[in-house]
Amino acid sequence: MNHCLPPGKFNFSHYSVIARIITVILFTACSLHPFAQQRTISGSVTGNNNQPLPGVSVLIQSTTKGVSTDNAGRFSIEAASSNVLVFRSIGYQEQTIAVGNQTNINVLMVNTTDSTLNDVVVIGYQTVRRRDLTGATSVVNTGNSNRIVGNSVAEQLQGQTPGVTVRTSGAPGENARIEIRGVASFANSDPLYVIDGMIADANSTVNTNDIATIQILKDASAAAIYGSRAANGVIIITTKKGKPGPSRISFSAKYGIQQIPQKWDVMDAPQYLQTLKTQYSNSNAALPVGVAAQLDNPTINTDWQNEFFRTGNTQDYNLGISGGSQNGTYLISGSYFKNQGVLIGNNFERASLRINTEARKGRLTVGENILLSNTDGNNPGGGVNAFYEGATSSPIIAVQSNDYINAVSNQEGWGFGSNDISQYSSNYVANDALDHQHYNYAKIVGNGYADLKFTDWLSYRFNAGVEASFDYSSEQRDSGIWHYNQDLPATGIYNERSTFTNFLLEHTLNFNKTFGDHAINGVVGYSYQQEKREYTNAGRINLTTIGSNTFSTIGSAQGLPSADGGVSLFYRLQGYLGRINYTYKDRYLITASGRIDQDSRFGQNYRTGDFYSVAGSWRISKEKFFNVSWINDFKIRGSYGQLGISSALQDLAGSWPTVGYINQNQRAVYGQSQTPVLGESQTIISNPNLRWEQRNETNIGFDASILNNRILITADVYNNVSKGVLVNVPLPFFLGNDNGDYNTFITENAGSIRNRGIELAVTYKDNTRPFKWDVSVNGTTIQNRVVSVGLQGAGINYIEPASFVRSEVGHAMSSWYVIKTAGIFQSQEQIDSYVDKNGGKIQPDAKPGDIKFVDLNGDGQINNDDRTFAGSPWPTFQGGLQFNGTYRNLSINIQFVGVFGYKIYDDVRRVLDSYTNLDNFRKDLNPWTPDNTGAPDPRLGVGTD
């Protein structure tokens with residue numbers, strides 16, 4: 001410390017005037033002295049939407065001394081009170097601020113133009129400016145997604161960004177499935193979710209209103225930092241946090257209705273009865289007794305779809321408070337979400353509490369993000385599919401009637417098939433009344449972190465995360481049946497309790513340094529994660545009933561009890577990670593990422609995997625030769641890398657796939673005394689060579705901003721090949737493999753799948769008028785092909801998960817594989833002339849009005865060998881459009897989603913058109929008759945075997 005005044009004391013009582021003058025002069029000299037006292041000035045720099053800005057240059061005016069802001073937008077610099085700080089960042093107006101007496105300075109940078117290129121993007125353990133991305137990363141507009149009322153994050157992403165496919169059943173509480181750039185595995189294509197730095201599933205227990213930003217990492221360059229789990233893509237979610245200032249209270253309420261968009265248009269009772277009469281008459285068969293009775297005296301006309309379906313609704317309420325100071329911020333929010341499904345007996349409720357706080361002291365920042373949630377749901381058990389039963393059930397059967405009461409099996413008189421009306425559809429209303437399933441999940445997920453800034457360019461971060469779920473489910477089976485000829489089961493109560501834990505520990509070093517025209521930043525670190533699920537279940541049959549009351553506890557039941565328990569999931573994963581980004585003159589950018597992972601689920605020889613990526617980009621618009629005034633920014637980029645998939649292993653082979661289980665209960669008889677001897681043998685053949693599925697990814701694209709940054713364009717071409725995909729390979733029976741449903745199979749890394757396509761996203765903004773608006777469109781092409789399925793047997797290059805589905809080399813996964821038709825036989829002459837190469841009739845038992853099937857292989861008979869491919873469930877093109885407009889306090893949002901090029905296998909139509917078991921008929925049925933030979937539907941008739 002420099003002392004401008006000499007030691008000693010002044011006596012102002014004697015030299016008051018002179019002393020005051022001298023003191024003023026000396027202190028003025030101190031303020032002008034080149035070695036005036038320096039002190040630490042710290043603060044933060046934010047940009048659009050108050051998001052932190054990394055990489056902002058903070059310089060002392062008229063000097064070369066300066067620093068850059070870190071990933072959180074913070075800076076720290078030694079300066080004197082007389083200094084002036086200059087803040088500079090490409091795309092933002094330069095800011096100058098005098099230090100004076102300030103020790104904490106926070107700056108809001110203003111765009112030079114209306115552009116989002118300087119928005120901060122989270123790319124995994126780092127944040128970068130959007131303009132500096134070298135990989136394929138999509139930034140979701142949460143303003144658009146939050147307008148959608150959905151059970152989960154996945155439902156809100158539909159149509160928001162290219163390359164992302166969302167599938168959902170629509171059931172309350174059901175998690176939607178996300179596929180990023182196609183399906184890459186036969187078992188599991190779910191992406192990896194990272195929530196505030198915690199690797200955890202973003203399922204329906206997470207409140208979507210808490211989300212601030214969503215980034216989707218789609219190629220190897222963006223996702224390689226997550227290594228063995230990143231091949232299906234990575235979705236990074238950050239939740240809302242408090243901002244400095246007075247407390248802010250927010251409240252929102254949403255209410256929506258849900259309806260089945262279209263029901264099956266099937267016959268009512270009068271039409272149905274007349275059609276049945278014609279059907280049986282055509283076959284010279286007598287009508288069933290129950291049908292004949294209704295024909296003479298129709299008294300029942302049931303619309304089963306109206307009985308099963310209802311108008312559902314969603315309710316979403318959120319209350320929050322946030323605020324803070326320069327030294328700390330807080331956000332506390334509570335929410336309640338309820339969804340009554342369109343299908344009776346199905347509902348879902350979620351209550352959650354979020355607490356996000358952060359505190360800063362000098363170079364140290366600590367904070368936490370915590371979510372507490374409790375979810376409840378109900379649905380019928382029994383596995384009845386109401387979407388089938390609602391369309392196919394007979395309208396001449398009542399939902400419930402005293403006429404159907406049976407003292408033993410149907411005391412409540414539920415309606416379904418009988419000996420007089422032998423239909424086999426289920427009564428879903430009865431199913432809902434007799435089999436009750438309930439679940440409750442109490443969950444905590446969150447993380448705590450500490451960030452220590454060693455220097456202006458180097459910081460250390462410790463992150464500890466936890467996800468714990470305490471789950472309970474129960475099923476109560478009451479007395480009764482809902483299906484014709486259904487065996488009457490014993491009443492019973494069955495409970496399961498399980499505990500899921502997920503622990504994460506991470507240590508990372510972030511660096512960010514500028515050397516003239518050169519800028520380098522990156523991260524290195526270590527990550528450890530452990531997941532485990534333990535469960536216990538118990539049950540007992542023969543519930544106790546007293547009067548109209550049924551007791552539903554295990555202790556009150558009177559029959560045989562049952563119990564089980566175990567560990568269904570348990571593994572550890574540790575990884576060493578790193579990424580480095582280099583920029584020269586904001587013109588040339590290079591990124592290299594890598595991760596080494598070790599997973600306890602694999603054998604020792606394959607427990608360690610290396611995953612990497614390299615990427616580069618060239619900002620052509622910065623070159624001297626590029627002089628296009630209407631293009632503000634233009635950058636081309638490319639990447640290549642190798643990622644892994646581990647989730648498929650858990651689905652196919654569990655947590656111990658390389659372990660050969662020993663059966664210790666086997667006995668053999670030896671010797672003259674024929675004494676049983678206890679023995680042991682390996683009952684499951686294990687594969688010690690199992691390893692990660694790998695995905696080699698190539699991506700080429702460009703980013704452009706044109707017309708004064710009003711139009712943003714992003715385009716990508718990708719080619720991804722998955723290798724070592726897990727498949728079940730057949731084994732000979734004599735090996736004695738006892739592996740449950742896969743007795744004759746062993747899991748191997750033998751398959752390969754390719755996905756390729758083009759992505760395009762365009763955004764136009766007009767904020768120059770009182771009515772501000774923007775429109776975004778995106779589109780994706782996806783070509784999915786199976787490259788290999790392993791050694792399935794001689795001449796077999798396919799996998800068949802169902803009789804009408806096949807995954808064959810050269811075709812899309814799970815393509816529809818069916819027998820084609822060639823119209824309807826109009827005459828006996830056509831039947832007689834439909835012959836094979838030897839002159840034999842191909843369909844000798846057919847009659848005029850029957851369907852003509854294509855003998856594809858020409859062997860003279862119609863069988864499974866004549867099946868062929870008829871499209872797949874995967875779209876060839878999908879797109880989305882979002883429009884936003886605001887005028888003063890009014891706003892409008894419109895969103896469209898389009899999916900094209902896929903085929904739907906209509907299995908309900910198959911059942912309706914089978915003309916069997918007294919199922920209902922389509923209302924527009926137009927069957928062939930001798931007088932109606934041009935009809936589109938085959939003749940009516942019944943089997944007379």
# chains A, B, ... in the order shown; residues from 1 in each chain; ligands from 1
>>> residues_around(residues="stretch 536-538 of chain A", least_positions_apart="6", cutoff="9 Å", atoms="only C-alpha atoms", output="list of chain:residue names")
A:Ile493, A:Tyr494, A:Asn495, A:Glu496, A:Arg497, A:Ser498, A:Ile554, A:Pro561, A:Ser562, A:Ala563, A:Asp564, A:Gly565, A:Gly566
>>> select_by_dssp(residues="stretch 795-832 of chain A", states="alpha helix (DSSP H)", output="PDB file with N, CA, C and O atoms, in the first residue's frame")
ATOM      1  N   GLN A 828     -66.731 -66.363 -60.847  1.00  0.00           N
ATOM      2  CA  GLN A 828     -66.053 -67.651 -60.739  1.00  0.00           C
ATOM      3  C   GLN A 828     -64.977 -67.776 -61.809  1.00  0.00           C
ATOM      4  O   GLN A 828     -63.952 -68.436 -61.597  1.00  0.00           O
ATOM      5  N   GLU A 829     -65.207 -67.148 -62.915  1.00  0.00           N
ATOM      6  CA  GLU A 829     -64.219 -67.200 -63.995  1.00  0.00           C
ATOM      7  C   GLU A 829     -62.894 -66.585 -63.542  1.00  0.00           C
ATOM      8  O   GLU A 829     -61.815 -67.102 -63.858  1.00  0.00           O
ATOM      9  N   GLN A 830     -62.968 -65.489 -62.803  1.00  0.00           N
ATOM     10  CA  GLN A 830     -61.735 -64.868 -62.316  1.00  0.00           C
ATOM     11  C   GLN A 830     -61.019 -65.772 -61.319  1.00  0.00           C
ATOM     12  O   GLN A 830     -59.789 -65.848 -61.301  1.00  0.00           O
ATOM     13  N   ILE A 831     -61.780 -66.483 -60.493  1.00  0.00           N
ATOM     14  CA  ILE A 831     -61.183 -67.416 -59.540  1.00  0.00           C
ATOM     15  C   ILE A 831     -60.488 -68.543 -60.283  1.00  0.00           C
ATOM     16  O   ILE A 831     -59.361 -68.945 -59.951  1.00  0.00           O
ATOM     17  N   ASP A 832     -61.158 -69.073 -61.304  1.00  0.00           N
ATOM     18  CA  ASP A 832     -60.604 -70.195 -62.054  1.00  0.00           C
ATOM     19  C   ASP A 832     -59.373 -69.797 -62.853  1.00  0.00           C
ATOM     20  O   ASP A 832     -58.478 -70.626 -63.089  1.00  0.00           O
TER      21      ASP A 832
END
>>> residues_around(residues="A:Val139", least_positions_apart="3", cutoff="10 Å", atoms="only C-alpha atoms", output="ChimeraX atom specification")
/A:119-122,130,142,160-161,213-217,236
>>> closest_residue(among="A:Gln843, A:Thr499, A:Ser891, A:Thr658", to="A:Val567", atoms="only C-alpha atoms")
A:Thr499
>>> select_by_dssp(residues="stretch 696-751 of chain A", states="strand (DSSP E or B)", output="ChimeraX atom specification")
/A:696-706,711-730,745-751
>>> write_last_selection(atoms="C-alpha atoms", output="compact mmCIF listing (two decimals), in the first residue's frame")
# COMPACT_ATOMS: atom_id res chain seq x y z
CA ASN A 696 -20.58 -42.67 -35.69
CA GLU A 697 -21.95 -39.25 -36.56
CA THR A 698 -21.12 -36.85 -39.39
CA ASN A 699 -22.71 -33.40 -39.66
CA ILE A 700 -22.24 -30.54 -42.13
CA GLY A 701 -24.22 -27.33 -41.85
CA PHE A 702 -24.35 -23.56 -41.98
CA ASP A 703 -25.80 -20.68 -39.96
CA ALA A 704 -26.80 -17.39 -41.54
CA SER A 705 -28.26 -14.10 -40.38
CA ILE A 706 -29.53 -11.80 -43.11
CA ILE A 711 -33.93 -13.65 -40.77
CA LEU A 712 -32.00 -16.48 -39.13
CA ILE A 713 -31.31 -19.66 -41.10
CA THR A 714 -29.79 -22.92 -39.89
CA ALA A 715 -29.32 -25.96 -42.11
CA ASP A 716 -27.69 -29.34 -41.46
CA VAL A 717 -26.99 -32.55 -43.35
CA TYR A 718 -26.34 -35.56 -41.12
CA ASN A 719 -25.31 -39.19 -41.55
CA ASN A 720 -25.33 -41.37 -38.44
CA VAL A 721 -24.39 -45.05 -38.35
CA SER A 722 -24.96 -47.12 -35.21
CA LYS A 723 -22.63 -50.09 -34.87
CA GLY A 724 -22.55 -52.87 -32.32
CA VAL A 725 -26.30 -52.52 -31.80
CA LEU A 726 -27.60 -55.01 -29.24
CA VAL A 727 -29.69 -57.82 -30.73
CA ASN A 728 -30.86 -61.22 -29.49
CA VAL A 729 -29.06 -63.90 -31.48
CA PRO A 730 -30.50 -67.47 -31.60
CA PHE A 745 -31.27 -66.31 -27.46
CA ILE A 746 -28.18 -64.51 -26.26
CA THR A 747 -27.63 -60.74 -26.41
CA GLU A 748 -24.76 -59.60 -28.66
CA ASN A 749 -23.41 -56.38 -30.19
CA ALA A 750 -24.20 -57.54 -33.72
CA GLY A 751 -26.57 -55.05 -35.34
>>> residues_around(residues="A:Tyr817", least_positions_apart="3", cutoff="6 Å", atoms="only C-alpha atoms", output="list in words")
Phe804, Val805, Arg806, Arg867, Thr868 and Phe869 of chain A
>>> closest_residue(among="A:Asn863, A:Ser169, A:Ser221, A:Ser89", to="A:Ile580", atoms="only C-alpha atoms")
A:Ser221
>>> decode(residues="stretch 852-867 of chain A", atoms="all heavy atoms", output="PDB file, in the first residue's frame")
ATOM      1  N   LYS A 852     -58.962 -61.111 -53.242  1.00  0.00           N
ATOM      2  CA  LYS A 852     -57.905 -61.738 -54.024  1.00  0.00           C
ATOM      3  C   LYS A 852     -56.554 -61.352 -53.419  1.00  0.00           C
ATOM      4  O   LYS A 852     -56.211 -60.169 -53.337  1.00  0.00           O
ATOM      5  CB  LYS A 852     -57.967 -61.285 -55.478  1.00  0.00           C
ATOM      6  CG  LYS A 852     -56.905 -61.902 -56.375  1.00  0.00           C
ATOM      7  CD  LYS A 852     -57.025 -61.380 -57.806  1.00  0.00           C
ATOM      8  CE  LYS A 852     -55.958 -61.970 -58.710  1.00  0.00           C
ATOM      9  NZ  LYS A 852     -56.062 -61.457 -60.106  1.00  0.00           N
ATOM     10  N   PHE A 853     -55.798 -62.349 -52.957  1.00  0.00           N
ATOM     11  CA  PHE A 853     -54.494 -62.112 -52.349  1.00  0.00           C
ATOM     12  C   PHE A 853     -53.389 -62.354 -53.374  1.00  0.00           C
ATOM     13  O   PHE A 853     -53.508 -63.237 -54.227  1.00  0.00           O
ATOM     14  CB  PHE A 853     -54.285 -63.014 -51.136  1.00  0.00           C
ATOM     15  CG  PHE A 853     -55.248 -62.734 -50.010  1.00  0.00           C
ATOM     16  CD1 PHE A 853     -56.368 -63.536 -49.821  1.00  0.00           C
ATOM     17  CD2 PHE A 853     -55.043 -61.672 -49.160  1.00  0.00           C
ATOM     18  CE1 PHE A 853     -57.256 -63.275 -48.793  1.00  0.00           C
ATOM     19  CE2 PHE A 853     -55.924 -61.404 -48.122  1.00  0.00           C
ATOM     20  CZ  PHE A 853     -57.037 -62.198 -47.942  1.00  0.00           C
ATOM     21  N   VAL A 854     -52.322 -61.587 -53.250  1.00  0.00           N
ATOM     22  CA  VAL A 854     -51.228 -61.659 -54.208  1.00  0.00           C
ATOM     23  C   VAL A 854     -50.276 -62.794 -53.833  1.00  0.00           C
ATOM     24  O   VAL A 854     -49.754 -62.833 -52.715  1.00  0.00           O
ATOM     25  CB  VAL A 854     -50.459 -60.325 -54.260  1.00  0.00           C
ATOM     26  CG1 VAL A 854     -49.270 -60.433 -55.207  1.00  0.00           C
ATOM     27  CG2 VAL A 854     -51.382 -59.203 -54.683  1.00  0.00           C
ATOM     28  N   ASP A 855     -50.095 -63.719 -54.782  1.00  0.00           N
ATOM     29  CA  ASP A 855     -49.124 -64.808 -54.609  1.00  0.00           C
ATOM     30  C   ASP A 855     -47.757 -64.269 -55.004  1.00  0.00           C
ATOM     31  O   ASP A 855     -47.294 -64.419 -56.138  1.00  0.00           O
ATOM     32  CB  ASP A 855     -49.523 -65.995 -55.487  1.00  0.00           C
ATOM     33  CG  ASP A 855     -48.547 -67.161 -55.352  1.00  0.00           C
ATOM     34  OD1 ASP A 855     -47.800 -67.195 -54.352  1.00  0.00           O
ATOM     35  OD2 ASP A 855     -48.512 -68.008 -56.262  1.00  0.00           O
ATOM     36  N   LEU A 856     -47.113 -63.639 -54.050  1.00  0.00           N
ATOM     37  CA  LEU A 856     -45.908 -62.877 -54.347  1.00  0.00           C
ATOM     38  C   LEU A 856     -44.755 -63.758 -54.830  1.00  0.00           C
ATOM     39  O   LEU A 856     -44.025 -63.396 -55.748  1.00  0.00           O
ATOM     40  CB  LEU A 856     -45.474 -62.090 -53.107  1.00  0.00           C
ATOM     41  CG  LEU A 856     -44.386 -61.038 -53.328  1.00  0.00           C
ATOM     42  CD1 LEU A 856     -44.903 -59.915 -54.215  1.00  0.00           C
ATOM     43  CD2 LEU A 856     -43.904 -60.475 -51.996  1.00  0.00           C
ATOM     44  N   ASN A 857     -44.590 -64.932 -54.225  1.00  0.00           N
ATOM     45  CA  ASN A 857     -43.450 -65.768 -54.600  1.00  0.00           C
ATOM     46  C   ASN A 857     -43.782 -66.787 -55.690  1.00  0.00           C
ATOM     47  O   ASN A 857     -42.937 -67.572 -56.103  1.00  0.00           O
ATOM     48  CB  ASN A 857     -42.881 -66.486 -53.371  1.00  0.00           C
ATOM     49  CG  ASN A 857     -43.886 -67.445 -52.752  1.00  0.00           C
ATOM     50  OD1 ASN A 857     -45.039 -67.537 -53.196  1.00  0.00           O
ATOM     51  ND2 ASN A 857     -43.450 -68.172 -51.725  1.00  0.00           N
ATOM     52  N   GLY A 858     -45.046 -66.800 -56.147  1.00  0.00           N
ATOM     53  CA  GLY A 858     -45.427 -67.651 -57.265  1.00  0.00           C
ATOM     54  C   GLY A 858     -45.423 -69.133 -56.983  1.00  0.00           C
ATOM     55  O   GLY A 858     -45.289 -69.938 -57.920  1.00  0.00           O
ATOM     56  N   ASP A 859     -45.607 -69.544 -55.714  1.00  0.00           N
ATOM     57  CA  ASP A 859     -45.593 -70.979 -55.402  1.00  0.00           C
ATOM     58  C   ASP A 859     -46.980 -71.603 -55.446  1.00  0.00           C
ATOM     59  O   ASP A 859     -47.167 -72.765 -55.095  1.00  0.00           O
ATOM     60  CB  ASP A 859     -44.938 -71.221 -54.050  1.00  0.00           C
ATOM     61  CG  ASP A 859     -45.727 -70.617 -52.886  1.00  0.00           C
ATOM     62  OD1 ASP A 859     -46.722 -69.911 -53.150  1.00  0.00           O
ATOM     63  OD2 ASP A 859     -45.332 -70.835 -51.715  1.00  0.00           O
ATOM     64  N   GLY A 860     -47.986 -70.812 -55.826  1.00  0.00           N
ATOM     65  CA  GLY A 860     -49.321 -71.349 -55.989  1.00  0.00           C
ATOM     66  C   GLY A 860     -50.151 -71.412 -54.732  1.00  0.00           C
ATOM     67  O   GLY A 860     -51.250 -71.979 -54.749  1.00  0.00           O
ATOM     68  N   GLN A 861     -49.680 -70.833 -53.649  1.00  0.00           N
ATOM     69  CA  GLN A 861     -50.451 -70.820 -52.413  1.00  0.00           C
ATOM     70  C   GLN A 861     -50.214 -69.518 -51.662  1.00  0.00           C
ATOM     71  O   GLN A 861     -49.183 -68.863 -51.853  1.00  0.00           O
ATOM     72  CB  GLN A 861     -50.084 -72.020 -51.531  1.00  0.00           C
ATOM     73  CG  GLN A 861     -48.603 -72.153 -51.232  1.00  0.00           C
ATOM     74  CD  GLN A 861     -48.271 -73.415 -50.448  1.00  0.00           C
ATOM     75  OE1 GLN A 861     -49.128 -73.945 -49.746  1.00  0.00           O
ATOM     76  NE2 GLN A 861     -47.049 -73.896 -50.570  1.00  0.00           N
ATOM     77  N   ILE A 862     -51.195 -69.160 -50.849  1.00  0.00           N
ATOM     78  CA  ILE A 862     -51.111 -67.923 -50.074  1.00  0.00           C
ATOM     79  C   ILE A 862     -50.728 -68.280 -48.644  1.00  0.00           C
ATOM     80  O   ILE A 862     -51.461 -68.984 -47.946  1.00  0.00           O
ATOM     81  CB  ILE A 862     -52.454 -67.168 -50.088  1.00  0.00           C
ATOM     82  CG1 ILE A 862     -52.907 -66.899 -51.526  1.00  0.00           C
ATOM     83  CG2 ILE A 862     -52.332 -65.875 -49.306  1.00  0.00           C
ATOM     84  CD1 ILE A 862     -51.969 -66.033 -52.327  1.00  0.00           C
ATOM     85  N   ASN A 863     -49.552 -67.811 -48.222  1.00  0.00           N
ATOM     86  CA  ASN A 863     -49.083 -68.042 -46.851  1.00  0.00           C
ATOM     87  C   ASN A 863     -48.122 -66.925 -46.457  1.00  0.00           C
ATOM     88  O   ASN A 863     -48.002 -65.917 -47.164  1.00  0.00           O
ATOM     89  CB  ASN A 863     -48.439 -69.420 -46.721  1.00  0.00           C
ATOM     90  CG  ASN A 863     -47.329 -69.633 -47.749  1.00  0.00           C
ATOM     91  OD1 ASN A 863     -46.655 -68.688 -48.159  1.00  0.00           O
ATOM     92  ND2 ASN A 863     -47.163 -70.882 -48.179  1.00  0.00           N
ATOM     93  N   ASN A 864     -47.423 -67.113 -45.336  1.00  0.00           N
ATOM     94  CA  ASN A 864     -46.524 -66.075 -44.828  1.00  0.00           C
ATOM     95  C   ASN A 864     -45.395 -65.740 -45.784  1.00  0.00           C
ATOM     96  O   ASN A 864     -44.815 -64.645 -45.712  1.00  0.00           O
ATOM     97  CB  ASN A 864     -45.952 -66.488 -43.469  1.00  0.00           C
ATOM     98  CG  ASN A 864     -46.944 -66.289 -42.334  1.00  0.00           C
ATOM     99  OD1 ASN A 864     -47.866 -65.483 -42.456  1.00  0.00           O
ATOM    100  ND2 ASN A 864     -46.765 -67.008 -41.248  1.00  0.00           N
ATOM    101  N   ASP A 865     -45.077 -66.671 -46.674  1.00  0.00           N
ATOM    102  CA  ASP A 865     -43.996 -66.405 -47.624  1.00  0.00           C
ATOM    103  C   ASP A 865     -44.378 -65.359 -48.659  1.00  0.00           C
ATOM    104  O   ASP A 865     -43.521 -64.899 -49.429  1.00  0.00           O
ATOM    105  CB  ASP A 865     -43.588 -67.705 -48.326  1.00  0.00           C
ATOM    106  CG  ASP A 865     -42.981 -68.717 -47.368  1.00  0.00           C
ATOM    107  OD1 ASP A 865     -42.434 -68.272 -46.334  1.00  0.00           O
ATOM    108  OD2 ASP A 865     -43.068 -69.932 -47.624  1.00  0.00           O
ATOM    109  N   ASP A 866     -45.640 -64.994 -48.700  1.00  0.00           N
ATOM    110  CA  ASP A 866     -46.100 -63.982 -49.652  1.00  0.00           C
ATOM    111  C   ASP A 866     -46.152 -62.583 -49.046  1.00  0.00           C
ATOM    112  O   ASP A 866     -46.594 -61.638 -49.714  1.00  0.00           O
ATOM    113  CB  ASP A 866     -47.495 -64.364 -50.176  1.00  0.00           C
ATOM    114  CG  ASP A 866     -47.470 -65.643 -50.991  1.00  0.00           C
ATOM    115  OD1 ASP A 866     -46.638 -65.745 -51.905  1.00  0.00           O
ATOM    116  OD2 ASP A 866     -48.261 -66.556 -50.680  1.00  0.00           O
ATOM    117  N   ARG A 867     -45.723 -62.452 -47.832  1.00  0.00           N
ATOM    118  CA  ARG A 867     -45.738 -61.129 -47.219  1.00  0.00           C
ATOM    119  C   ARG A 867     -44.692 -60.223 -47.868  1.00  0.00           C
ATOM    120  O   ARG A 867     -43.661 -60.680 -48.354  1.00  0.00           O
ATOM    121  CB  ARG A 867     -45.472 -61.224 -45.721  1.00  0.00           C
ATOM    122  CG  ARG A 867     -46.601 -61.852 -44.939  1.00  0.00           C
ATOM    123  CD  ARG A 867     -46.361 -61.761 -43.447  1.00  0.00           C
ATOM    124  NE  ARG A 867     -45.173 -62.498 -43.017  1.00  0.00           N
ATOM    125  CZ  ARG A 867     -44.533 -62.276 -41.876  1.00  0.00           C
ATOM    126  NH1 ARG A 867     -44.977 -61.339 -41.048  1.00  0.00           N
ATOM    127  NH2 ARG A 867     -43.486 -62.992 -41.548  1.00  0.00           N
TER     128      ARG A 867
END
